[in-house]
Amino acid sequence: MAPPRRSRRPRTTLLLLVLAAVTIITLDARGGFHVVTSGVRSVATDAFSPVRSGVNAVVEPIGSFLAGSVHYGAVREQNQKLQAEIDQLKMQDRSAADQAEALSQLSALLHLTFVGNLQTVPAQVTDFGTSNFAATIDINVGRSDGVQLSMPVVGNGGLVGQVVRVSRHTATVRLITDGQSAVGTRYGPPPGSLAVVDGTGAGMPLSADLVPSNTALTNGEVFVTSGLQGALFPAGIPVARVVASHTGDTASQESVSLQPEADLPHLRYVSVVLWGPSS
Amino acid sequence: MLDLRIGGVHPDIMVLLPIVAGIIGGPSRGAGIGFTTGLVSDLFLPTPFGLSALVGCLVGFGVGLATIALDRTVWWLAPMAALGGSALYEVTYGALGSVLGQPQMLHVALARVVIVVSVTNAILAIPAMRLVKWGMAEASTEGMPTSDAGVGAAR
């Protein structure tokens, strides 16, 4: 009896598909092709936006049921709106002192007579994290509203993140808790010391780099954006507050754990700051 | 989807499609559908473009190969394959993402992601099987032994 033969087609198919996928990943990562994939993603996002809204409208009540009876309908929405307003006022209060100090110093040095207010675009959060592997949100404003890549997003008490993808009517925001997020900050009495606040993953505390060992930090101390020349964020936006800090025996840096000022898990409304490093 | 989360993790139904396609149609069909659904998913994900397609075709192929010699009529095959295949998908996805320059993809609560996605997909596996069977004209027999040696000869 002849030995059993097995088709080679499945392996060939797998090989071709793996090669195709690796080619796509490589081309996308190398830059030139990224323009094409970004364009396709933007078109797809715009095209599927109504479908997603429809699906969300159907699924949200189910999700609300699963989340518990506490999260219920209009009361919940009203509560979130009021909470957003309170947090916005808190953020203004916290950043006012820092802005006043910065303004007085700049006015003294440069004889500025006025400082223009930054323009913002309000947005509603339409989705929390399309991937379990990245901390992002989707918002319902895009290029047609003046939103561009890398613009800061604030709300609910402080810095929320940065725009990393824009389509015509929607945008994706990388939260400051995402592992790829790094925010230049300032802390301590003016003029303040510089540090970088890094994300460590959704739901995880932030960490601070470049804080020298044995720095006197108090719990609750707020880190604000540094606004250095070329920085990705304007100065004075509250980023996070210290929840714990300690120095190891042989460490050259203070180990600092921070909590985002913005209430990231309960975001509903945010504002995109129409600002870029060249502003 | 706004509130459809369990422990901060949302279920991932797109992972289920290549798994059930692999069971019904065999390795090639599983790989093809995994690649296609992965590429569509990549359009909406912030992770590297093509990563879902790569992992999808590997998992679809793997499930197709692993179940080819099994009795596909038993009711528990789909839930068990969904449980194992989804876990394999999520771990591979995080590991490959990390290799591709996104180390934060391993800093998520991976165990929680694996458990939530695997269990929800295991629950949804039987209706998904019916859906995919309906979508496919007929189950493929590719990769099966062509002689009369029987399915036991297949690895």
# chains A, B, ... in the order shown; residues from 1 in each chain; ligands from 1
$ closest_atom_pairs --of "segment 99-205 of chain A" --to "segment 108-119 of chain B" --cutoff "12 Å" --atoms "only C-alpha atoms" --output "JSON lines"
{"residue": "A:Ser131", "atom": "CA", "partner": "B:Val113", "partner_atom": "CA", "distance": 10.4}
{"residue": "A:Asn132", "atom": "CA", "partner": "B:Val113", "partner_atom": "CA", "distance": 7.0}
{"residue": "A:Phe133", "atom": "CA", "partner": "B:Val108", "partner_atom": "CA", "distance": 6.3}
{"residue": "A:Ala134", "atom": "CA", "partner": "B:Val108", "partner_atom": "CA", "distance": 8.0}
{"residue": "A:Ala135", "atom": "CA", "partner": "B:Val108", "partner_atom": "CA", "distance": 9.3}
{"residue": "A:Thr177", "atom": "CA", "partner": "B:Val108", "partner_atom": "CA", "distance": 10.9}
{"residue": "A:Asp178", "atom": "CA", "partner": "B:Val108", "partner_atom": "CA", "distance": 9.4}
{"residue": "A:Gly179", "atom": "CA", "partner": "B:Val108", "partner_atom": "CA", "distance": 8.8}
{"residue": "A:Gly199", "atom": "CA", "partner": "B:Val108", "partner_atom": "CA", "distance": 11.3}
{"residue": "A:Thr200", "atom": "CA", "partner": "B:Val108", "partner_atom": "CA", "distance": 8.3}
{"residue": "A:Gly201", "atom": "CA", "partner": "B:Val108", "partner_atom": "CA", "distance": 5.7}
{"residue": "A:Ala202", "atom": "CA", "partner": "B:Val108", "partner_atom": "CA", "distance": 7.0}
{"residue": "A:Gly203", "atom": "CA", "partner": "B:Val108", "partner_atom": "CA", "distance": 8.9}
{"residue": "A:Met204", "atom": "CA", "partner": "B:Val108", "partner_atom": "CA", "distance": 8.7}
$ residues_around --residues "segment 243-245 of chain A" --least-positions-apart "2" --cutoff "9 Å" --atoms "only C-alpha atoms" --output "list of chain:residue names"
A:Pro205, A:Leu217, A:Thr218, A:Asn219, A:Gly220, A:Glu221, A:Arg241, A:Thr247, A:Glu254, A:Ser255, A:Val256, A:Ser257, A:Leu258, A:Gln259
$ closest_residue --among "A:Ala123, A:Val196, A:Leu15, A:Ala235" --to "chain B" --atoms "only C-alpha atoms"
A:Leu15
$ residues_around --residues "Thr45 of chain A" --least-positions-apart "3" --cutoff "9 Å" --atoms "only C-alpha atoms" --output "PyMOL selection string"
(chain A and resi 40-42+48-49+167-170) or (chain B and resi 43-44)
$ atom_distance --atom1 "atom CA of Lys81 of chain A" --atom2 "atom CA of Leu267 of chain A"
9.9 Å
$ residues_around --residues "Gly227 of chain A" --least-positions-apart "6" --cutoff "9 Å" --atoms "only C-alpha atoms" --output "NGL selection string"
:A and (184-186 or 233-237 or 277)
$ closest_residue --among "B:Gly62, B:Asp12, B:Lys133, B:Gly34" --to "Gly50 of chain B" --atoms "only C-alpha atoms"
B:Gly34
$ atom_distance --atom1 "atom CA of Thr120 of chain A" --atom2 "atom CA of Val272 of chain A"
5.4 Å
$ closest_residue --among "B:Pro79, B:Gly85, B:Gly94, B:Pro127" --to "chain A" --atoms "only C-alpha atoms"
B:Gly94
$ select_by_dssp --residues "segment 152-243 of chain A" --states "strand (DSSP E or B)" --output "PyMOL selection string"
chain A and resi 152-155+158-166+171-175+182-187+193-198+206-209+212+222-225+238-243
$ write_last_selection --atoms "C-alpha atoms" --output "mmCIF file, in the first residue's frame"
data_model
loop_
_atom_site.group_PDB
_atom_site.id
_atom_site.type_symbol
_atom_site.label_atom_id
_atom_site.label_comp_id
_atom_site.auth_asym_id
_atom_site.auth_seq_id
_atom_site.Cartn_x
_atom_site.Cartn_y
_atom_site.Cartn_z
ATOM 1 C CA PRO A 152 -2.313 67.799 23.508
ATOM 2 C CA VAL A 153 -5.617 66.667 24.962
ATOM 3 C CA VAL A 154 -6.814 67.815 28.389
ATOM 4 C CA GLY A 155 -9.850 67.265 30.536
ATOM 5 C CA GLY A 158 -5.308 67.617 33.809
ATOM 6 C CA LEU A 159 -3.413 66.286 30.852
ATOM 7 C CA VAL A 160 -5.078 63.321 29.183
ATOM 8 C CA GLY A 161 -2.680 62.539 26.352
ATOM 9 C CA GLN A 162 -1.697 63.340 22.818
ATOM 10 C CA VAL A 163 -3.324 62.861 19.424
ATOM 11 C CA VAL A 164 -1.601 59.997 17.602
ATOM 12 C CA ARG A 165 -3.999 59.420 14.718
ATOM 13 C CA VAL A 166 -6.412 61.735 12.936
ATOM 14 C CA ALA A 171 -9.023 61.078 16.295
ATOM 15 C CA THR A 172 -7.180 58.614 18.488
ATOM 16 C CA VAL A 173 -5.504 59.867 21.645
ATOM 17 C CA ARG A 174 -2.650 58.047 23.358
ATOM 18 C CA LEU A 175 -3.218 58.375 27.100
ATOM 19 C CA ALA A 182 6.627 60.331 27.997
ATOM 20 C CA VAL A 183 5.774 63.849 29.162
ATOM 21 C CA GLY A 184 8.316 66.542 30.005
ATOM 22 C CA THR A 185 7.337 68.001 33.376
ATOM 23 C CA ARG A 186 8.380 70.433 36.083
ATOM 24 C CA TYR A 187 7.962 70.098 39.833
ATOM 25 C CA SER A 193 13.119 70.970 38.472
ATOM 26 C CA LEU A 194 12.643 68.966 35.323
ATOM 27 C CA ALA A 195 11.516 65.354 35.076
ATOM 28 C CA VAL A 196 9.957 63.015 32.542
ATOM 29 C CA VAL A 197 6.721 61.307 33.511
ATOM 30 C CA ASP A 198 6.414 57.917 31.815
ATOM 31 C CA LEU A 206 2.961 56.644 36.266
ATOM 32 C CA SER A 207 6.668 56.822 37.012
ATOM 33 C CA ALA A 208 9.044 59.786 36.948
ATOM 34 C CA ASP A 209 12.518 59.796 35.435
ATOM 35 C CA PRO A 212 17.646 62.991 41.692
ATOM 36 C CA VAL A 222 1.722 68.037 41.343
ATOM 37 C CA PHE A 223 3.955 67.689 38.292
ATOM 38 C CA VAL A 224 3.019 70.099 35.488
ATOM 39 C CA THR A 225 4.100 70.189 31.854
ATOM 40 C CA PRO A 238 -1.178 69.456 35.554
ATOM 41 C CA VAL A 239 -0.041 65.949 34.669
ATOM 42 C CA ALA A 240 0.077 63.822 37.796
ATOM 43 C CA ARG A 241 0.524 63.973 41.547
ATOM 44 C CA VAL A 242 2.960 62.042 43.695
ATOM 45 C CA VAL A 243 1.536 59.069 45.561
#
$ residues_around --residues "Ile19 of chain B" --least-positions-apart "4" --cutoff "7 Å" --atoms "only C-alpha atoms" --output "list in words"
Ile23, Gly30, Val59, Gly60, Val63, Ala82 and Gly85 of chain B
$ residues_around --residues "Leu100 of chain B" --least-positions-apart "6" --cutoff "10 Å" --atoms "only C-alpha atoms" --output "PDB file with C-alpha atoms, in the first residue's frame"
ATOM      1  CA  ILE A  25       4.749  45.343   9.098  1.00  0.00           C
ATOM      2  CA  THR A  26       8.230  46.148   7.805  1.00  0.00           C
ATOM      3  CA  ALA A  29       7.554  50.665  10.179  1.00  0.00           C
TER       4      ALA A  29
ATOM      5  CA  THR B  47      -0.723  48.650  17.397  1.00  0.00           C
ATOM      6  CA  PRO B  48       1.675  47.953  14.444  1.00  0.00           C
ATOM      7  CA  LEU B  51       0.560  42.446  13.469  1.00  0.00           C
ATOM      8  CA  GLY B  94       1.916  40.771  23.060  1.00  0.00           C
TER       9      GLY B  94
END
$ atom_distance --atom1 "atom CA of Leu228 of chain A" --atom2 "atom CA of Ser95 of chain A"
16.2 Å
$ closest_residue --among "B:Pro27, B:Gly64, B:Gly84, B:Pro11" --to "chain A" --atoms "only C-alpha atoms"
B:Pro27
$ decode --residues "segment 228-249 of chain A" --atoms "N, CA and C atoms" --output "PDB file, in the first residue's frame"
ATOM      1  N   LEU A 228       9.099  73.471  27.821  1.00  0.00           N
ATOM      2  CA  LEU A 228      10.407  73.877  27.302  1.00  0.00           C
ATOM      3  C   LEU A 228      10.326  74.067  25.793  1.00  0.00           C
ATOM      4  N   GLN A 229      11.309  74.771  25.247  1.00  0.00           N
ATOM      5  CA  GLN A 229      11.311  75.005  23.806  1.00  0.00           C
ATOM      6  C   GLN A 229      11.293  73.661  23.062  1.00  0.00           C
ATOM      7  N   GLY A 230      10.365  73.519  22.151  1.00  0.00           N
ATOM      8  CA  GLY A 230      10.261  72.280  21.390  1.00  0.00           C
ATOM      9  C   GLY A 230       9.495  71.189  22.109  1.00  0.00           C
ATOM     10  N   ALA A 231       8.970  71.496  23.297  1.00  0.00           N
ATOM     11  CA  ALA A 231       8.223  70.472  24.042  1.00  0.00           C
ATOM     12  C   ALA A 231       6.924  70.136  23.324  1.00  0.00           C
ATOM     13  N   LEU A 232       6.433  68.931  23.597  1.00  0.00           N
ATOM     14  CA  LEU A 232       5.215  68.475  22.924  1.00  0.00           C
ATOM     15  C   LEU A 232       3.952  69.042  23.559  1.00  0.00           C
ATOM     16  N   PHE A 233       4.102  69.642  24.758  1.00  0.00           N
ATOM     17  CA  PHE A 233       2.931  70.164  25.453  1.00  0.00           C
ATOM     18  C   PHE A 233       3.200  71.582  25.927  1.00  0.00           C
ATOM     19  N   PRO A 234       2.167  72.445  25.946  1.00  0.00           N
ATOM     20  CA  PRO A 234       2.359  73.792  26.488  1.00  0.00           C
ATOM     21  C   PRO A 234       2.605  73.725  27.993  1.00  0.00           C
ATOM     22  N   ALA A 235       3.168  74.798  28.534  1.00  0.00           N
ATOM     23  CA  ALA A 235       3.552  74.797  29.950  1.00  0.00           C
ATOM     24  C   ALA A 235       2.339  74.898  30.863  1.00  0.00           C
ATOM     25  N   GLY A 236       2.489  74.325  32.035  1.00  0.00           N
ATOM     26  CA  GLY A 236       1.544  74.571  33.120  1.00  0.00           C
ATOM     27  C   GLY A 236       0.343  73.662  33.207  1.00  0.00           C
ATOM     28  N   ILE A 237       0.276  72.645  32.384  1.00  0.00           N
ATOM     29  CA  ILE A 237      -0.865  71.717  32.476  1.00  0.00           C
ATOM     30  C   ILE A 237      -0.554  70.667  33.544  1.00  0.00           C
ATOM     31  N   PRO A 238      -1.420  70.499  34.550  1.00  0.00           N
ATOM     32  CA  PRO A 238      -1.178  69.456  35.554  1.00  0.00           C
ATOM     33  C   PRO A 238      -1.163  68.071  34.901  1.00  0.00           C
ATOM     34  N   VAL A 239      -0.173  67.280  35.276  1.00  0.00           N
ATOM     35  CA  VAL A 239      -0.041  65.949  34.669  1.00  0.00           C
ATOM     36  C   VAL A 239      -0.390  64.857  35.675  1.00  0.00           C
ATOM     37  N   ALA A 240       0.277  64.892  36.815  1.00  0.00           N
ATOM     38  CA  ALA A 240       0.077  63.822  37.796  1.00  0.00           C
ATOM     39  C   ALA A 240       0.535  64.308  39.169  1.00  0.00           C
ATOM     40  N   ARG A 241       0.076  63.619  40.196  1.00  0.00           N
ATOM     41  CA  ARG A 241       0.524  63.973  41.547  1.00  0.00           C
ATOM     42  C   ARG A 241       1.193  62.763  42.202  1.00  0.00           C
ATOM     43  N   VAL A 242       2.146  63.080  43.062  1.00  0.00           N
ATOM     44  CA  VAL A 242       2.960  62.042  43.695  1.00  0.00           C
ATOM     45  C   VAL A 242       2.110  61.239  44.676  1.00  0.00           C
ATOM     46  N   VAL A 243       2.208  59.923  44.579  1.00  0.00           N
ATOM     47  CA  VAL A 243       1.536  59.069  45.561  1.00  0.00           C
ATOM     48  C   VAL A 243       2.545  58.298  46.413  1.00  0.00           C
ATOM     49  N   ALA A 244       3.765  58.167  45.905  1.00  0.00           N
ATOM     50  CA  ALA A 244       4.800  57.492  46.699  1.00  0.00           C
ATOM     51  C   ALA A 244       6.160  57.812  46.100  1.00  0.00           C
ATOM     52  N   SER A 245       7.162  57.907  46.963  1.00  0.00           N
ATOM     53  CA  SER A 245       8.529  58.118  46.472  1.00  0.00           C
ATOM     54  C   SER A 245       9.520  57.583  47.499  1.00  0.00           C
ATOM     55  N   HIS A 246      10.580  57.014  46.989  1.00  0.00           N
ATOM     56  CA  HIS A 246      11.641  56.559  47.877  1.00  0.00           C
ATOM     57  C   HIS A 246      12.935  56.407  47.089  1.00  0.00           C
ATOM     58  N   THR A 247      14.039  56.394  47.794  1.00  0.00           N
ATOM     59  CA  THR A 247      15.344  56.223  47.163  1.00  0.00           C
ATOM     60  C   THR A 247      15.961  54.923  47.652  1.00  0.00           C
ATOM     61  N   GLY A 248      16.354  54.103  46.701  1.00  0.00           N
ATOM     62  CA  GLY A 248      17.050  52.876  47.075  1.00  0.00           C
ATOM     63  C   GLY A 248      18.447  53.181  47.605  1.00  0.00           C
ATOM     64  N   ASP A 249      19.057  52.199  48.253  1.00  0.00           N
ATOM     65  CA  ASP A 249      20.371  52.409  48.872  1.00  0.00           C
ATOM     66  C   ASP A 249      21.422  52.828  47.860  1.00  0.00           C
TER      67      ASP A 249
END
